[in-house]
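Note sheet for the following structure.
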Amino acid sequence: MTVDERFPRGLKEDDFEAEEADGVRSEIITGPVDDWATDFSHLEPQWSADPYPIQDDLRERCPIARTERFGGGWLPTRYEDVTSIAYDTERFSSRSIVMGNFRPPKSAAPIGGTPPISSDPPFHHDARKLLLPAFTKTAISKQEPATRAFCHSLIDAFEGADVVDAAVDYAQHIPMRVIANMMGFPAEDGPKFRVFVEDALEGINREPEERVERIENLFDYLVAQVHDHLDNPRDDLTTYLLNAELYGEKLEAAHVVGAMALLLIAGIDTSWSAIGASLWHLARTPADRERLVADRSLLPTAMEEFLRAYAPVTMARLVKDDMRWRGVDMKADDWILLSFPAANRDPAQFDRADEVVIDREINRHAAFGLGIHRCVGSHLARLELKVALEVWLERIPEFSLADPDSVLWSAGQIRGPRSLPMRIRS
Amino acid sequence: MKVRIDTGKCQGHGRCYDLVPDLFGEDGEGFGQVLGNGVVPSGREREARLAVANCPERAIELDEES
């Protein structure tokens, strides 16, 4: 048994999560929203089902909406405002990037629980630099053959079925398998990953005790993986993080586990959502589907357009100090729900912003964020989306929604279909 | 025509090297790089403009005069 004194056997989350006790909890407020301008919630079913008309309306009449839920927060809806906040790391902190009922203490900055996404400058730069080489387009391209073969195997399993669930039986498995492979986790642990993702990103309004317990499950899983890698080092991201050094020393245990949590969680439901939303669009838009099947050279622009129109990821920030900002009075520790999906549909930035134009040539969308926190996995996400769509369109050129009303979208900051019954044979 | 990447703005989205891989490349951390001296070959101006127009960070500068 290999010993690493950062990771004693029996290590528990309580052992280094001092921040939990010093954070601030706010009252859990749920229920239908009457006025989205003063009481928005990204966790209500109306938002999950179709947030775009809500965002478009707010952009017209606010354009920065307010809520008293989650202890108070703001929702900018214009491209210009979203980009300004993404770039302004002086006034908006990333020390929590999931808007909910718990704010980590100011002392959590500049590292945060899941570096580098939760980190502020100057630490952010150094923590991110550790990850970048593993996620370049060139490095990621090594995943393509296995990803393609895996997509084919998923479709092979549809043999004989008339209706399949494109979210459950296809989209979700692709990023799960790829990230398990990159992290060196067991390929069959996908069902566990799904629970971790839901706990972290959708269970925002659960009671605190339950939230904590569920986060501890993720922590225990990751520490078990650490121990397995210490005993059996192999060429993967977990071993890389265990050996990585910052400022001449190995990473602290909390940094290693936090980065592992980030790569696992952020790598799964994002791509799952993008693949699912793209297939959903094609299933309900026969003209686009037929055009893309007939002319596969449209895939690069179509993919970028799906990423723009159905951007899966919304981030969050915390306001650092009281200030007047673009006409509203922001208080220290107010949330900002940083909606890249809303920015991507701002008619001031995009022609025909509310239409899906699969041959849109100029598409300066913000689906992967902007500024120093640009999604570190964007090249991986694009590869997964490309391969998933190529294989699906090649094998199943004709498909439609089996029951449009039964499509179920995820709640919270990552939006995509979680149930997507698809008729693949008439 | 000549292209240049503002390294203070580039965040490594890679749209330039996705779109015009013989004019742009990536460095070891995924940031965009201009290949060669940045002079856009005659007839390729449209592609260079496309890379500029698709950069999410507006990090590519185009010098029409060069």
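Simple scheme: letters A, B, ... for chains in structure tokens order, numbers from 1 for residues in each chain, numbers from 1 for ligands in the order shown.
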
Next item on the list: Would you mind writing down, as JSON, numbers by chain, each residue of chain B that DSSP on the backbone assigns to helix (DSSP H, G or I)?
Entry: {"B": [15, 16, 17, 18, 19, 45, 46, 47, 48, 49, 50, 51, 52, 53, 54]}

Once you have the residues from the selection above, write them out as a compact mmCIF listing (two decimals), in the first residue's frame, restricted to N, CA, C and O atoms.
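Here's the written file part.txt:
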# COMPACT_ATOMS: atom_id res chain seq x y z
N ARG B 15 -11.25 28.84 -31.97
CA ARG B 15 -12.07 29.01 -33.17
C ARG B 15 -11.21 29.30 -34.39
O ARG B 15 -11.50 28.84 -35.49
N CYS B 16 -10.12 30.06 -34.22
CA CYS B 16 -9.27 30.40 -35.37
C CYS B 16 -8.61 29.17 -35.96
O CYS B 16 -8.65 28.94 -37.17
N TYR B 17 -8.05 28.32 -35.10
CA TYR B 17 -7.39 27.14 -35.68
C TYR B 17 -8.36 26.03 -36.05
O TYR B 17 -8.01 25.14 -36.82
N ASP B 18 -9.60 26.08 -35.56
CA ASP B 18 -10.64 25.19 -36.08
C ASP B 18 -11.00 25.60 -37.51
O ASP B 18 -11.15 24.77 -38.39
N LEU B 19 -11.15 26.90 -37.71
CA LEU B 19 -11.68 27.41 -38.98
C LEU B 19 -10.62 27.48 -40.08
O LEU B 19 -10.90 27.18 -41.23
N GLU B 45 -8.34 35.85 -48.04
CA GLU B 45 -8.76 36.95 -47.18
C GLU B 45 -10.10 36.67 -46.49
O GLU B 45 -10.29 37.02 -45.33
N ARG B 46 -10.99 36.02 -47.23
CA ARG B 46 -12.32 35.76 -46.65
C ARG B 46 -12.19 34.86 -45.42
O ARG B 46 -12.86 35.07 -44.40
N GLU B 47 -11.36 33.85 -45.50
CA GLU B 47 -11.19 32.93 -44.37
C GLU B 47 -10.57 33.65 -43.17
O GLU B 47 -10.94 33.39 -42.02
N ALA B 48 -9.63 34.51 -43.46
CA ALA B 48 -9.00 35.26 -42.36
C ALA B 48 -10.05 36.12 -41.66
O ALA B 48 -10.10 36.19 -40.44
N ARG B 49 -10.90 36.76 -42.46
CA ARG B 49 -11.96 37.60 -41.87
C ARG B 49 -12.95 36.77 -41.06
O ARG B 49 -13.46 37.21 -40.04
N LEU B 50 -13.18 35.55 -41.53
CA LEU B 50 -14.09 34.65 -40.82
C LEU B 50 -13.52 34.30 -39.44
O LEU B 50 -14.25 34.25 -38.44
N ALA B 51 -12.24 34.04 -39.38
CA ALA B 51 -11.59 33.74 -38.09
C ALA B 51 -11.72 34.94 -37.15
O ALA B 51 -12.05 34.78 -35.97
N VAL B 52 -11.49 36.12 -37.68
CA VAL B 52 -11.61 37.34 -36.87
C VAL B 52 -13.03 37.47 -36.33
O VAL B 52 -13.24 37.71 -35.13
N ALA B 53 -14.00 37.26 -37.21
CA ALA B 53 -15.41 37.49 -36.84
C ALA B 53 -15.94 36.42 -35.89
O ALA B 53 -16.97 36.62 -35.26
N ASN B 54 -15.26 35.28 -35.79
CA ASN B 54 -15.74 34.22 -34.92
C ASN B 54 -14.98 34.11 -33.60
O ASN B 54 -15.29 33.24 -32.79

Quick one: contact table of chain B to chain A, 7 Å max, nearest atom pair and distance in Å to one decimal per residue, counting only C-alpha atoms, chain and number order, as CSV?
residue,atom,partner,partner_atom,distance
B:Gln11,CA,A:Gly371,CA,6.4
B:Gly28,CA,A:Pro133,CA,5.8
B:Glu29,CA,A:Pro133,CA,4.7
B:Gly30,CA,A:Thr136,CA,4.7
B:Leu50,CA,A:Ile362,CA,6.9
B:Ala53,CA,A:Ile362,CA,6.0
B:Asn54,CA,A:Arg364,CA,4.7
B:Cys55,CA,A:Arg364,CA,6.1
B:Pro56,CA,A:Arg364,CA,4.9
B:Glu57,CA,A:Leu370,CA,6.7

Please dump the current selection as a compact mmCIF listing (two decimals), in the first residue's frame; keep N, CA and C atoms.
# COMPACT_ATOMS: atom_id res chain seq x y z
N GLN B 11 -8.00 33.43 -25.15
CA GLN B 11 -8.20 32.50 -24.02
C GLN B 11 -8.18 31.05 -24.48
N GLY B 28 1.19 24.92 -26.68
CA GLY B 28 1.11 23.76 -25.78
C GLY B 28 0.03 23.88 -24.73
N GLU B 29 -0.57 25.07 -24.60
CA GLU B 29 -1.68 25.24 -23.64
C GLU B 29 -3.00 25.55 -24.34
N GLY B 30 -3.00 25.46 -25.66
CA GLY B 30 -4.25 25.65 -26.40
C GLY B 30 -4.50 27.09 -26.85
N LEU B 50 -13.18 35.55 -41.53
CA LEU B 50 -14.09 34.65 -40.82
C LEU B 50 -13.52 34.30 -39.44
N ALA B 53 -14.00 37.26 -37.21
CA ALA B 53 -15.41 37.49 -36.84
C ALA B 53 -15.94 36.42 -35.89
N ASN B 54 -15.26 35.28 -35.79
CA ASN B 54 -15.74 34.22 -34.92
C ASN B 54 -14.98 34.11 -33.60
N CYS B 55 -13.99 34.95 -33.40
CA CYS B 55 -13.23 34.87 -32.15
C CYS B 55 -14.08 35.43 -31.01
N PRO B 56 -14.42 34.59 -30.02
CA PRO B 56 -15.29 35.07 -28.94
C PRO B 56 -14.66 36.20 -28.12
N GLU B 57 -13.33 36.24 -28.09
CA GLU B 57 -12.65 37.25 -27.27
C GLU B 57 -12.23 38.47 -28.08

So that I can see what lies close to Gly32 of chain B, please list as an mmCIF file with C-alpha atoms, in the first residue's frame the residues with an atom at most 6 Å from it, counting only C-alpha atoms and leaving out residues fewer than 5 positions away in the same chain.
data_model
loop_
_atom_site.group_PDB
_atom_site.id
_atom_site.type_symbol
_atom_site.label_atom_id
_atom_site.label_comp_id
_atom_site.auth_asym_id
_atom_site.auth_seq_id
_atom_site.Cartn_x
_atom_site.Cartn_y
_atom_site.Cartn_z
ATOM 1 C CA GLY B 12 -7.683 29.437 -26.180
ATOM 2 C CA GLY B 25 -2.326 26.843 -34.732
ATOM 3 C CA GLU B 26 -2.332 26.143 -31.011
#

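The smallest atom-to-atom distance between Ala388 of chain A and any of A:Tyr170, A:Tyr87, A:Trp47, A:Tyr79, using only C-alpha atoms, is found for A:Tyr170.
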
Item checked: For atom CA of Ala253 of chain A and atom CA of Gly10 of chain A, the interatomic separation in Å (one decimal) -> 13.4 Å

Next item on the list: Write out as a list in words each polymer residue whose atoms come within 9 Å of Glu64 of chain B, counting only C-alpha atoms; drop sequence neighbours fewer than 6 positions from it.
Entry: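 With the cut-off at 9 Å, the set is Met1, Lys2 and Val3 of chain B.
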
Got time to write the residues from that selection, N, CA and C atoms, as a PDB file, in the first residue's frame?
ATOM      1  N   MET B   1      -2.565  41.592 -46.672  1.00  0.00           N
ATOM      2  CA  MET B   1      -3.324  41.469 -45.427  1.00  0.00           C
ATOM      3  C   MET B   1      -2.538  40.611 -44.426  1.00  0.00           C
ATOM      4  N   LYS B   2      -2.611  41.040 -43.151  1.00  0.00           N
ATOM      5  CA  LYS B   2      -1.844  40.336 -42.125  1.00  0.00           C
ATOM      6  C   LYS B   2      -2.708  40.132 -40.879  1.00  0.00           C
ATOM      7  N   VAL B   3      -2.542  38.962 -40.205  1.00  0.00           N
ATOM      8  CA  VAL B   3      -3.281  38.721 -38.961  1.00  0.00           C
ATOM      9  C   VAL B   3      -2.317  38.660 -37.776  1.00  0.00           C
TER      10      VAL B   3
END

Checklist line | Spatial neighbours of segment 191-204 of chain A, 9 Å, only C-alpha atoms, chain gap at least 2 places, as a list in words | finding: Leu43, Val98, Met99, Gly100, Asn101, Gln172, Met176, Glu188, Asp189, Arg206, Glu207, Arg211, Arg214, Ile215, Asn217, Leu218, Leu264, Ile265, Ala266, Ile268, Asp269, Ser410, Ala411, Gly412, Gln413 and Ile414 of chain A

Check: Between B:Lys9, B:Gly14, B:Arg4, B:Pro21, which has the minimum distance to Ser66 of chain B (counting only C-alpha atoms)?
Finding: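 Checking each candidate against Ser66 of chain B, we get B:Arg4 as the closest.
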
For Arg296 of chain A, find every residue with an atom within 12 Å (counting only C-alpha atoms), except residues of its own chain fewer than 3 positions away, and show them as a PDB file with N, CA, C and O atoms, in the first residue's frame.
ATOM      1  N   ASP A 288     -33.906  20.916 -41.116  1.00  0.00           N
ATOM      2  CA  ASP A 288     -32.488  20.986 -40.721  1.00  0.00           C
ATOM      3  C   ASP A 288     -31.853  19.595 -40.722  1.00  0.00           C
ATOM      4  O   ASP A 288     -30.700  19.416 -41.122  1.00  0.00           O
ATOM      5  N   ARG A 289     -32.611  18.620 -40.229  1.00  0.00           N
ATOM      6  CA  ARG A 289     -32.077  17.251 -40.184  1.00  0.00           C
ATOM      7  C   ARG A 289     -31.775  16.745 -41.588  1.00  0.00           C
ATOM      8  O   ARG A 289     -30.678  16.239 -41.850  1.00  0.00           O
ATOM      9  N   GLU A 290     -32.719  16.932 -42.510  1.00  0.00           N
ATOM     10  CA  GLU A 290     -32.517  16.441 -43.874  1.00  0.00           C
ATOM     11  C   GLU A 290     -31.353  17.158 -44.552  1.00  0.00           C
ATOM     12  O   GLU A 290     -30.554  16.553 -45.262  1.00  0.00           O
ATOM     13  N   ARG A 291     -31.252  18.449 -44.296  1.00  0.00           N
ATOM     14  CA  ARG A 291     -30.175  19.226 -44.907  1.00  0.00           C
ATOM     15  C   ARG A 291     -28.810  18.761 -44.405  1.00  0.00           C
ATOM     16  O   ARG A 291     -27.847  18.629 -45.158  1.00  0.00           O
ATOM     17  N   LEU A 292     -28.737  18.494 -43.106  1.00  0.00           N
ATOM     18  CA  LEU A 292     -27.471  18.081 -42.497  1.00  0.00           C
ATOM     19  C   LEU A 292     -27.081  16.662 -42.921  1.00  0.00           C
ATOM     20  O   LEU A 292     -25.908  16.375 -43.161  1.00  0.00           O
ATOM     21  N   VAL A 293     -28.076  15.796 -43.045  1.00  0.00           N
ATOM     22  CA  VAL A 293     -27.798  14.431 -43.501  1.00  0.00           C
ATOM     23  C   VAL A 293     -27.298  14.465 -44.949  1.00  0.00           C
ATOM     24  O   VAL A 293     -26.371  13.741 -45.313  1.00  0.00           O
ATOM     25  N   LEU A 299     -21.885  20.407 -40.790  1.00  0.00           N
ATOM     26  CA  LEU A 299     -21.839  20.078 -39.366  1.00  0.00           C
ATOM     27  C   LEU A 299     -21.067  21.097 -38.515  1.00  0.00           C
ATOM     28  O   LEU A 299     -21.536  21.471 -37.435  1.00  0.00           O
ATOM     29  N   PRO A 300     -19.898  21.571 -38.965  1.00  0.00           N
ATOM     30  CA  PRO A 300     -19.187  22.537 -38.104  1.00  0.00           C
ATOM     31  C   PRO A 300     -20.003  23.789 -37.773  1.00  0.00           C
ATOM     32  O   PRO A 300     -20.055  24.200 -36.601  1.00  0.00           O
ATOM     33  N   THR A 301     -20.663  24.385 -38.752  1.00  0.00           N
ATOM     34  CA  THR A 301     -21.461  25.580 -38.432  1.00  0.00           C
ATOM     35  C   THR A 301     -22.732  25.197 -37.665  1.00  0.00           C
ATOM     36  O   THR A 301     -23.158  25.924 -36.760  1.00  0.00           O
ATOM     37  N   ALA A 302     -23.295  24.030 -37.990  1.00  0.00           N
ATOM     38  CA  ALA A 302     -24.506  23.601 -37.277  1.00  0.00           C
ATOM     39  C   ALA A 302     -24.202  23.392 -35.794  1.00  0.00           C
ATOM     40  O   ALA A 302     -24.953  23.814 -34.918  1.00  0.00           O
ATOM     41  N   MET A 303     -23.075  22.741 -35.530  1.00  0.00           N
ATOM     42  CA  MET A 303     -22.678  22.496 -34.139  1.00  0.00           C
ATOM     43  C   MET A 303     -22.527  23.792 -33.350  1.00  0.00           C
ATOM     44  O   MET A 303     -22.991  23.917 -32.218  1.00  0.00           O
ATOM     45  N   ILE A 358     -28.506  26.836 -39.242  1.00  0.00           N
ATOM     46  CA  ILE A 358     -27.406  25.866 -39.147  1.00  0.00           C
ATOM     47  C   ILE A 358     -26.218  26.187 -40.048  1.00  0.00           C
ATOM     48  O   ILE A 358     -25.172  25.569 -39.905  1.00  0.00           O
ATOM     49  N   ASP A 359     -26.376  27.162 -40.953  1.00  0.00           N
ATOM     50  CA  ASP A 359     -25.192  27.551 -41.730  1.00  0.00           C
ATOM     51  C   ASP A 359     -24.729  28.961 -41.346  1.00  0.00           C
ATOM     52  O   ASP A 359     -24.080  29.640 -42.141  1.00  0.00           O
ATOM     53  N   LYS A 386     -19.233  16.561 -31.847  1.00  0.00           N
ATOM     54  CA  LYS A 386     -19.007  16.258 -33.270  1.00  0.00           C
ATOM     55  C   LYS A 386     -19.168  14.757 -33.532  1.00  0.00           C
ATOM     56  O   LYS A 386     -19.930  14.344 -34.416  1.00  0.00           O
ATOM     57  N   LEU A 389     -22.798  13.425 -32.981  1.00  0.00           N
ATOM     58  CA  LEU A 389     -23.735  13.776 -34.059  1.00  0.00           C
ATOM     59  C   LEU A 389     -23.384  13.052 -35.353  1.00  0.00           C
ATOM     60  O   LEU A 389     -24.276  12.566 -36.057  1.00  0.00           O
ATOM     61  N   GLU A 390     -22.100  12.965 -35.657  1.00  0.00           N
ATOM     62  CA  GLU A 390     -21.705  12.268 -36.895  1.00  0.00           C
ATOM     63  C   GLU A 390     -22.187  10.824 -36.885  1.00  0.00           C
ATOM     64  O   GLU A 390     -22.774  10.343 -37.856  1.00  0.00           O
ATOM     65  N   VAL A 391     -21.934  10.132 -35.780  1.00  0.00           N
ATOM     66  CA  VAL A 391     -22.297   8.709 -35.720  1.00  0.00           C
ATOM     67  C   VAL A 391     -23.819   8.550 -35.748  1.00  0.00           C
ATOM     68  O   VAL A 391     -24.358   7.716 -36.480  1.00  0.00           O
ATOM     69  N   LEU A 393     -26.120  10.580 -37.030  1.00  0.00           N
ATOM     70  CA  LEU A 393     -26.688  10.928 -38.340  1.00  0.00           C
ATOM     71  C   LEU A 393     -26.345   9.874 -39.389  1.00  0.00           C
ATOM     72  O   LEU A 393     -27.138   9.610 -40.301  1.00  0.00           O
ATOM     73  N   GLU A 394     -25.171   9.260 -39.246  1.00  0.00           N
ATOM     74  CA  GLU A 394     -24.768   8.215 -40.187  1.00  0.00           C
ATOM     75  C   GLU A 394     -25.625   6.952 -39.982  1.00  0.00           C
ATOM     76  O   GLU A 394     -26.093   6.354 -40.949  1.00  0.00           O
ATOM     77  N   PRO A 397     -30.348   8.274 -39.879  1.00  0.00           N
ATOM     78  CA  PRO A 397     -30.604   9.552 -40.561  1.00  0.00           C
ATOM     79  C   PRO A 397     -32.043  10.051 -40.400  1.00  0.00           C
ATOM     80  O   PRO A 397     -32.291  11.234 -40.540  1.00  0.00           O
TER      81      PRO A 397
END

Notebook entry, point to check: How far is it from atom CA of Asp333 of chain A to atom CA of Val319 of chain A, in Å with one decimal?
Noted result: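 Computing it gives 5.0 Å between the two atoms.
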
Item checked: Coordinates-based distance that separates atom CA of Leu408 of chain A from atom CA of Pro175 of chain A (Å, one decimal) ->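 Atom-to-atom, atom CA of Pro175 of chain A and atom CA of Leu408 of chain A are spaced 19.3 Å apart.
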
Checklist line | DSSP strand (DSSP E) residues within segment 70-260 of chain A, listed as a PyMOL selection string | finding: chain A and resi 73-76+92-93+102-103+163-165+245-246+249-250

Output file for the selection above: C-alpha atoms, as a PDB file, in the first residue's frame:
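Here's the written file part.pdb:
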ATOM      1  CA  GLY A  73     -29.258  37.716  -6.704  1.00  0.00           C
ATOM      2  CA  TRP A  74     -29.293  39.274 -10.156  1.00  0.00           C
ATOM      3  CA  LEU A  75     -29.825  37.938 -13.664  1.00  0.00           C
ATOM      4  CA  PRO A  76     -28.346  40.028 -16.491  1.00  0.00           C
ATOM      5  CA  PHE A  92     -17.230  39.622  -9.268  1.00  0.00           C
ATOM      6  CA  SER A  93     -15.783  36.588  -7.493  1.00  0.00           C
ATOM      7  CA  PHE A 102     -24.988  28.413   0.635  1.00  0.00           C
ATOM      8  CA  ARG A 103     -22.256  31.015   0.252  1.00  0.00           C
ATOM      9  CA  VAL A 163     -38.260   4.106 -29.792  1.00  0.00           C
ATOM     10  CA  VAL A 164     -35.132   4.865 -27.746  1.00  0.00           C
ATOM     11  CA  ASP A 165     -34.323   7.562 -25.222  1.00  0.00           C
ATOM     12  CA  GLU A 245       3.322  20.675  -8.307  1.00  0.00           C
ATOM     13  CA  LEU A 246       2.503  24.304  -7.689  1.00  0.00           C
ATOM     14  CA  GLU A 249       5.208  21.682  -3.749  1.00  0.00           C
ATOM     15  CA  LYS A 250       2.674  19.000  -4.513  1.00  0.00           C
TER      16      LYS A 250
END
